[in-house]
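Q: Got entry_27.tsv for you, TSV, C-alpha atoms:
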chain	number	residue	atom	x	y	z
A	1	MET	CA	93.48	93.97	25.15
A	2	LYS	CA	91.67	91.65	27.56
A	3	ARG	CA	93.58	93.14	30.47
A	4	GLU	CA	92.68	96.66	29.42
A	5	ARG	CA	89.00	95.72	29.20
A	6	LEU	CA	89.20	94.14	32.68
A	7	THR	CA	90.83	97.33	33.99
A	8	GLN	CA	88.03	99.40	32.49
A	9	ILE	CA	85.35	97.19	34.07
A	10	VAL	CA	87.01	97.39	37.51
A	11	LEU	CA	87.40	101.17	37.23
A	12	VAL	CA	83.74	101.60	36.33
A	13	ILE	CA	82.61	99.36	39.22
A	14	VAL	CA	84.83	101.09	41.79
A	15	GLY	CA	83.89	104.51	40.41
A	16	LEU	CA	80.19	103.68	40.70
A	17	LEU	CA	80.73	102.31	44.22
A	18	ASN	CA	82.13	105.68	45.29
A	19	LEU	CA	79.36	107.80	43.83
A	20	PRO	CA	76.46	106.72	46.14
A	21	GLN	CA	78.37	108.43	48.97
A	22	ILE	CA	76.86	111.62	47.57
A	23	TYR	CA	73.54	110.46	49.02
A	24	LEU	CA	75.14	110.00	52.47
A	25	LEU	CA	76.69	113.46	52.17
A	26	TYR	CA	73.33	114.93	51.19
A	27	LYS	CA	71.69	113.16	54.15
A	28	ASP	CA	74.37	114.50	56.50
A	29	LEU	CA	74.00	118.08	55.25
A	30	TRP	CA	70.20	118.02	54.90
A	31	HIS	CA	68.57	119.88	57.79
A	32	SER	CA	72.07	120.29	59.31
A	33	SER	CA	71.88	116.79	60.79
A	34	TRP	CA	75.69	116.69	61.16
A	35	LEU	CA	75.35	119.67	63.52
A	36	LEU	CA	72.12	118.98	65.36
A	37	GLU	CA	72.13	115.18	65.64
A	38	GLY	CA	75.60	113.82	65.16
A	39	LYS	CA	77.78	116.77	66.26
A	40	ASN	CA	80.41	115.36	63.94
A	41	GLU	CA	81.83	117.89	61.52
A	42	ASN	CA	84.33	115.43	60.05
A	43	GLY	CA	81.63	113.21	58.55
A	44	PRO	CA	80.56	115.50	55.66
A	45	MET	CA	84.16	116.52	54.88
A	46	PHE	CA	85.21	112.88	54.75
A	47	LEU	CA	82.28	111.95	52.48
A	48	SER	CA	83.03	114.87	50.13
A	49	PHE	CA	86.27	113.12	49.11
A	50	PHE	CA	84.54	110.09	47.64
A	51	ILE	CA	82.64	112.00	44.98
A	52	PRO	CA	85.66	113.33	43.02
A	53	VAL	CA	87.33	109.93	43.34
A	54	GLY	CA	84.29	108.23	41.81
A	55	VAL	CA	84.10	110.72	38.95
A	56	PHE	CA	87.85	110.53	38.25
A	57	LEU	CA	87.88	106.73	38.23
A	58	LEU	CA	85.03	106.77	35.71
A	59	LEU	CA	86.98	109.29	33.60
A	60	SER	CA	90.14	107.19	33.72
A	61	ALA	CA	88.17	104.13	32.55
A	62	ARG	CA	88.17	105.65	29.04
A	63	ARG	CA	91.94	105.34	28.62
A	64	PRO	CA	93.42	103.65	31.69
A	65	SER	CA	97.02	103.70	30.42
A	66	GLU	CA	96.91	107.48	30.07
A	67	TYR	CA	95.65	107.95	33.59
A	68	ARG	CA	97.94	105.53	35.36
A	69	SER	CA	98.89	107.94	38.15
A	70	ALA	CA	95.27	108.76	38.97
A	71	ILE	CA	94.49	105.04	39.30
A	72	ALA	CA	97.60	104.57	41.48
A	73	LEU	CA	96.46	107.47	43.65
A	74	ALA	CA	93.01	105.90	44.13
A	75	ALA	CA	94.69	102.57	44.98
A	76	TRP	CA	97.03	104.05	47.62
A	77	TRP	CA	94.20	106.20	48.90
A	78	ASN	CA	92.13	103.05	49.59
A	79	ILE	CA	95.09	101.19	51.08
A	80	SER	CA	95.93	104.05	53.47
A	81	HIS	CA	92.26	104.33	54.40
A	82	GLY	CA	92.10	100.56	55.02
A	83	ALA	CA	95.35	100.59	57.04
A	84	VAL	CA	94.04	103.39	59.27
A	85	MET	CA	90.76	101.56	59.84
A	86	ALA	CA	92.69	98.37	60.66
A	87	ILE	CA	94.69	100.25	63.33
A	88	GLN	CA	91.44	101.75	64.67
A	89	THR	CA	89.84	98.31	64.83
A	90	VAL	CA	92.78	96.90	66.81
A	91	GLU	CA	92.83	99.91	69.14
A	92	ALA	CA	89.08	99.60	69.69
A	93	TRP	CA	89.44	95.90	70.53
A	94	VAL	CA	92.31	96.62	72.95
A	95	HIS	CA	90.01	99.07	74.78
A	96	GLY	CA	87.17	96.57	74.84
A	97	VAL	CA	85.12	98.40	72.22
A	98	HIS	CA	83.74	96.44	69.28
A	99	ARG	CA	84.47	97.74	65.80
A	100	ASN	CA	83.32	95.82	62.76
A	101	PHE	CA	86.26	95.05	60.46
A	102	ALA	CA	84.24	94.31	57.30
A	103	ASP	CA	84.94	97.83	55.98
A	104	VAL	CA	88.69	97.25	56.43
A	105	ILE	CA	88.56	94.19	54.16
A	106	VAL	CA	86.40	95.89	51.51
A	107	VAL	CA	88.59	98.99	51.27
A	108	LEU	CA	91.86	97.02	51.29
A	109	VAL	CA	90.57	94.65	48.58
A	110	ILE	CA	89.62	97.64	46.40
A	111	GLY	CA	93.10	99.13	46.88
A	112	VAL	CA	94.91	95.88	46.08
A	113	VAL	CA	92.72	95.19	43.02
A	114	LEU	CA	93.39	98.70	41.68
A	115	LEU	CA	97.13	98.17	42.13
A	116	ALA	CA	96.93	94.74	40.46
A	117	ILE	CA	95.19	96.11	37.37
A	118	LEU	CA	97.42	99.20	37.14
A	119	PRO	CA	98.35	99.53	33.43
A	120	ALA	CA	101.99	99.15	32.47
A	121	LYS	CA	104.01	102.31	31.89
A	122	ARG	CA	103.73	103.52	28.32
A	123	LEU	CA	106.77	102.83	26.14
A	124	ALA	CA	108.68	105.82	24.87
A	125	VAL	CA	107.94	106.41	21.22
A	126	ALA	CA	110.98	105.66	19.10
A	127	PRO	CA	112.06	108.62	16.98
A	128	GLY	CA	110.90	108.37	13.41
A	129	VAL	CA	108.36	105.64	14.18
A	130	ALA	CA	105.24	107.55	15.28
B	1	MET	CA	108.25	127.20	31.01
B	2	LYS	CA	107.54	129.77	33.73
B	3	ARG	CA	104.06	128.38	34.13
B	4	GLU	CA	105.40	124.83	34.52
B	5	ARG	CA	107.90	126.01	37.15
B	6	ALA	CA	105.07	127.81	39.01
B	7	LEU	CA	102.99	124.62	38.93
B	8	GLN	CA	105.93	122.63	40.27
B	9	VAL	CA	106.34	125.08	43.16
B	10	VAL	CA	102.61	124.87	43.94
B	11	LEU	CA	102.71	121.06	43.76
B	12	VAL	CA	105.63	120.95	46.22
B	13	LEU	CA	103.89	123.32	48.64
B	14	VAL	CA	100.51	121.55	48.46
B	15	GLY	CA	102.18	118.11	48.58
B	16	LEU	CA	104.13	119.06	51.72
B	17	PHE	CA	101.01	120.61	53.25
B	18	TYR	CA	99.09	117.35	52.76
B	19	CYS	CA	102.06	115.26	53.95
B	20	PHE	CA	101.94	117.22	57.22
B	21	TRP	CA	98.49	115.71	57.76
B	22	GLY	CA	100.38	112.47	58.31
B	23	TYR	CA	101.60	113.92	61.60
B	24	LEU	CA	98.03	114.84	62.59
B	25	LEU	CA	96.98	111.30	61.69
B	26	PHE	CA	99.78	109.83	63.81
B	27	ASP	CA	98.81	112.15	66.67
B	28	ASP	CA	95.19	111.02	66.43
B	29	LEU	CA	96.05	107.31	66.37
B	30	TRP	CA	98.75	107.57	69.04
B	31	HIS	CA	97.39	106.34	72.39
B	32	SER	CA	93.99	105.90	70.68
B	33	ARG	CA	93.11	109.58	71.01
B	34	TRP	CA	90.38	109.23	68.38
B	35	LEU	CA	88.68	106.69	70.66
B	36	SER	CA	88.55	109.03	73.64
B	37	GLY	CA	87.29	111.81	71.37
B	38	HIS	CA	84.59	109.47	69.97
B	39	SER	CA	85.39	110.46	66.40
B	40	ASP	CA	86.30	107.42	64.32
B	41	VAL	CA	85.89	109.39	61.07
B	42	MET	CA	88.70	111.82	61.87
B	43	PRO	CA	91.68	109.43	61.28
B	44	MET	CA	90.07	108.12	58.08
B	45	PHE	CA	89.55	111.67	56.85
B	46	LEU	CA	93.18	112.54	57.64
B	47	SER	CA	94.44	109.39	55.88
B	48	LEU	CA	92.89	110.50	52.57
B	49	ASN	CA	94.75	113.80	52.42
B	50	THR	CA	97.93	112.19	53.73
B	51	ALA	CA	97.90	109.81	50.73
B	52	LEU	CA	97.38	112.75	48.38
B	53	GLY	CA	100.55	114.52	49.62
B	54	PRO	CA	103.21	112.06	48.34
B	55	CYS	CA	101.25	111.55	45.10
B	56	LEU	CA	101.33	115.30	44.36
B	57	LEU	CA	105.05	115.35	45.18
B	58	LEU	CA	105.59	112.51	42.68
B	59	ALA	CA	103.83	114.58	40.02
B	60	VAL	CA	106.31	117.46	40.46
B	61	LYS	CA	108.92	115.98	38.11
B	62	GLN	CA	106.65	115.71	35.06
B	63	PRO	CA	103.35	117.47	35.78
B	64	ALA	CA	102.08	116.97	32.22
B	65	ASN	CA	102.19	113.18	32.74
B	66	HIS	CA	100.01	113.39	35.83
B	67	ARG	CA	97.23	115.67	34.63
B	68	LEU	CA	94.32	113.67	36.03
B	69	MET	CA	96.03	113.31	39.41
B	70	ILE	CA	96.57	117.08	39.62
B	71	ALA	CA	92.94	117.61	38.57
B	72	TYR	CA	91.89	115.21	41.32
B	73	GLY	CA	93.98	117.19	43.86
B	74	ALA	CA	92.26	120.38	42.72
B	75	TRP	CA	88.69	119.09	42.65
B	76	SER	CA	88.95	117.20	45.96
B	77	SER	CA	90.19	120.42	47.61
B	78	LEU	CA	87.31	122.36	46.06
B	79	ALA	CA	84.78	119.69	47.10
B	80	HIS	CA	86.19	119.84	50.63
B	81	ALA	CA	85.95	123.66	50.67
B	82	PHE	CA	82.41	123.60	49.24
B	83	THR	CA	81.26	121.16	51.93
B	84	MET	CA	82.86	123.29	54.65
B	85	THR	CA	81.13	126.40	53.25
B	86	ILE	CA	77.72	124.72	53.54
B	87	MET	CA	78.60	123.55	57.05
B	88	SER	CA	79.73	127.03	58.13
B	89	ALA	CA	76.54	128.57	56.75
B	90	GLN	CA	74.44	126.00	58.61
B	91	ALA	CA	76.36	126.63	61.84
B	92	VAL	CA	75.78	130.40	61.50
B	93	ALA	CA	72.07	129.77	60.79
B	94	HIS	CA	71.87	127.88	64.09
B	95	GLY	CA	73.68	130.62	65.99
B	96	MET	CA	76.96	128.71	66.22
B	97	HIS	CA	80.42	129.29	64.88
B	98	ARG	CA	82.41	126.58	63.13
B	99	GLN	CA	85.92	126.32	64.48
B	100	ASP	CA	88.64	127.44	62.00
B	101	SER	CA	86.03	128.96	59.66
B	102	PRO	CA	86.45	130.76	57.26
B	103	GLN	CA	90.28	130.37	57.15
B	104	ASP	CA	90.07	126.65	56.29
B	105	ILE	CA	87.64	127.36	53.43
B	106	VAL	CA	89.93	130.06	52.00
B	107	ILE	CA	92.98	127.74	52.17
B	108	PHE	CA	91.31	124.88	50.33
B	109	VAL	CA	89.71	127.14	47.71
B	110	ALA	CA	93.15	128.72	47.11
B	111	ILE	CA	94.72	125.25	46.67
B	112	GLY	CA	92.02	124.12	44.24
B	113	VAL	CA	92.05	127.34	42.20
B	114	ALA	CA	95.88	127.46	42.05
B	115	LEU	CA	96.09	123.87	40.80
B	116	LEU	CA	93.36	124.45	38.20
B	117	ALA	CA	94.85	127.77	37.06
B	118	LEU	CA	98.27	126.20	36.49
B	119	PHE	CA	96.87	122.94	35.10
B	120	PRO	CA	99.31	121.60	32.49
B	121	ALA	CA	98.25	121.51	28.85
B	122	LYS	CA	97.92	118.18	27.05
B	123	GLN	CA	101.23	116.97	25.70
B	124	ALA	CA	101.77	117.90	22.04
B	125	SER	CA	102.50	114.35	20.85
B	126	PRO	CA	99.41	112.13	21.00
B	127	ALA	CA	99.58	108.91	22.99
B	128	VAL	CA	100.66	106.01	20.79
B	129	ARG	CA	99.83	102.53	21.90
B	130	PRO	CA	102.78	100.12	22.06
B	131	GLU	CA	101.12	97.60	19.72
B	132	ARG	CA	100.48	100.39	17.22
B	133	ILE	CA	104.15	101.40	17.34
B	134	VAL	CA	105.22	97.82	16.63
B	135	ARG	CA	102.73	97.54	13.76
B	136	GLN	CA	103.85	100.85	12.28
B	137	ALA	CA	107.51	99.86	12.68
B	138	GLU	CA	106.82	96.55	10.93
B	139	ALA	CA	104.95	98.29	8.13
B	140	GLY	CA	107.88	100.70	7.78
B	141	THR	CA	110.45	97.89	7.50
B	142	THR	CA	108.40	95.85	4.99
B	143	SER	CA	107.58	98.82	2.76
B	144	SER	CA	111.18	100.05	2.59
Please re-express this file's structure in structure tokens.
A:
Amino acid sequence: MKRERLTQIVLVIVGLLNLPQIYLLYKDLWHSSWLLEGKNENGPMFLSFFIPVGVFLLLSARRPSEYRSAIALAAWWNISHGAVMAIQTVEAWVHGVHRNFADVIVVLVIGVVLLAILPAKRLAVAPGVA
Amino acid sequence: MKRERALQVVLVLVGLFYCFWGYLLFDDLWHSRWLSGHSDVMPMFLSLNTALGPCLLLAVKQPANHRLMIAYGAWSSLAHAFTMTIMSAQAVAHGMHRQDSPQDIVIFVAIGVALLALFPAKQASPAVRPERIVRQAEAGTTSS
């Protein structure tokens, strides 16, 4: 019971952490700044992914054991994101460019925490019991 | 049954499509191409869809057990398409043309709509918590 409550708290926190990205997306799309200032069309598309993740993590906080696979997806999603940023950081350093690695740690920690709190698989209901 | 089979086919196709993004990701990271292109968001963006591919393939076996994951696959594709639609409209408004538009929008809308249209129904038997099963089993043995 305690573990389930902890899982719910973590899911709500991570879900809420993802949602403010909507502001960054809005800022990027507002007055076409992605086109006129940044010339980076990948930025808004990348940010658009965080919003459904945030909403779905908040939804799965209601009954984490029912939404095990969605939590696992969010965990692997963060780990792959962190791994890619780690490779980018190393490549940047090799080419003498500085890239802050704080984001790598944050994203990897979120992924590992989500995997650690992943609810156990539900037991099959014995016939004649339920 | 037919509907479940159709969903499984769609999940395989979409899963493989997103897995292919792994190659694009590798291509971008190989020889630090992202660095010469000055786009550090691109590999991160590709990594998100690459992770979605294997997860959708895992859901093929029992789609009804992975409802929220399939819903996530659908809504993230729709969010992606919606963002690209706004971007394409803004590019047109500024007298430019977005590369790959509108084909990319159509593809992601089709993925999202197909996944939502074939979304599996909730399983008939309600979820029973393990502790509740044990309690019910104990009650059954004591009463009989």
Q: Between B:Ala51, B:Val106, B:Ala117, B:Leu56, which has the minimum distance to chain A (counting all atoms listed in the file)?
A: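 For chain A, the nearest of the given residues is B:Ala51.
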Q: One decimal, Å: what's the distance from CA of Leu35 (chain B) over to CA of Glu91 (chain A), could you say?
A: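 Computed distance, CA of Leu35 (chain B) to CA of Glu91 (chain A), equals 8.1 Å.
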Q: Which polymer residues have any atom within 9 Å of an atom of region 44-53 of chain A, counting only C-alpha atoms, with same-chain residues fewer than 6 positions away left out, as a PyMOL selection string?
A: (chain A and resi 15+18-22+24-26+28-29+34+74) or (chain B and resi 41-42+44-46+48+72+75-77+79-84+87)
Q: Within 7 Å of region 102-115 of chain A, counting only C-alpha atoms, which residues qualify if same-chain residues fewer than 3 places away don't, as an mmCIF file with C-alpha atoms, keeping the file's coordinate frame?
A:
data_model
loop_
_atom_site.group_PDB
_atom_site.id
_atom_site.type_symbol
_atom_site.label_atom_id
_atom_site.label_comp_id
_atom_site.auth_asym_id
_atom_site.auth_seq_id
_atom_site.Cartn_x
_atom_site.Cartn_y
_atom_site.Cartn_z
ATOM 1 C CA ILE A 71 94.490 105.040 39.300
ATOM 2 C CA ALA A 72 97.600 104.570 41.480
ATOM 3 C CA ALA A 75 94.690 102.570 44.980
ATOM 4 C CA TRP A 76 97.030 104.050 47.620
ATOM 5 C CA ASN A 78 92.130 103.050 49.590
ATOM 6 C CA ILE A 79 95.090 101.190 51.080
ATOM 7 C CA GLY A 82 92.100 100.560 55.020
ATOM 8 C CA MET A 85 90.760 101.560 59.840
ATOM 9 C CA ALA A 86 92.690 98.370 60.660
ATOM 10 C CA LEU A 118 97.420 99.200 37.140
#
Q: Would you compute the distance between CA of Leu115 (chain B) and CA of Ser69 (chain A)? Give it in Å to one decimal.
A: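 Spanning CA of Leu115 (chain B) to CA of Ser69 (chain A) is a straight-line distance of 16.4 Å.
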Q: Using all atoms listed in the file, which of A:Leu73, A:Tyr23, A:Lys2, A:Leu17 sits nearest chain B?
A: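 Using all atoms listed in the file, chain B sits closest to A:Leu73.
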Q: With all atoms listed in the file as the basis for distance, which of B:Ile111, B:Gln99, B:Pro43, B:Gln123 is at the shortest distance from chain A?
A: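 The answer is B:Pro43, which sits nearest to chain A.
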Q: To one decimal place, how far is CA of Ile87 (chain A) from CA of Ala74 (chain B) in Å?
A: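 CA of Ile87 (chain A) sits 28.9 Å away from CA of Ala74 (chain B).
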Q: Excluding same-chain residues fewer than 6 positions from His31 (chain B), what lies within 12 Å of it counting all atoms listed in the file, as an MDAnalysis selection string?
A: (chainID A and resid 87:88 90:92 94:95) or (chainID B and resid 25 37)
Q: Of the candidates A:Ala120, A:Val84, A:Leu57, A:Val97, which shows the shortest atom-to-atom distance to Asp28 (chain B), using only C-alpha atoms?
A: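 Using only C-alpha atoms, Asp28 (chain B) sits closest to A:Val84.
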Q: If you count only C-alpha atoms, which residues fall within 9 Å of region 5-7 of chain A, apart from same-chain ones fewer than 2 positions away, as a list in words?
A: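 Using only C-alpha atoms, the neighbours found are Met1, Lys2, Arg3, Ile9, Val10, Leu11, Val12, Ala61, Pro64, Leu114, Ile117, Leu118 and Pro119 of chain A.
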Q: Could you check which of B:Tyr18, B:Ala93, B:Leu7, B:Ala59 is closest to Val113 (chain B), using all atoms listed in the file?
A: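 Among the listed residues, B:Leu7 lies closest to Val113 (chain B).
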Q: With distances taken over all atoms listed in the file, which residue among B:Cys55, B:Ala121, B:Met96, B:Leu78 lies nearest chain A?
A: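 Under the stated criterion, the closest residue is B:Cys55.
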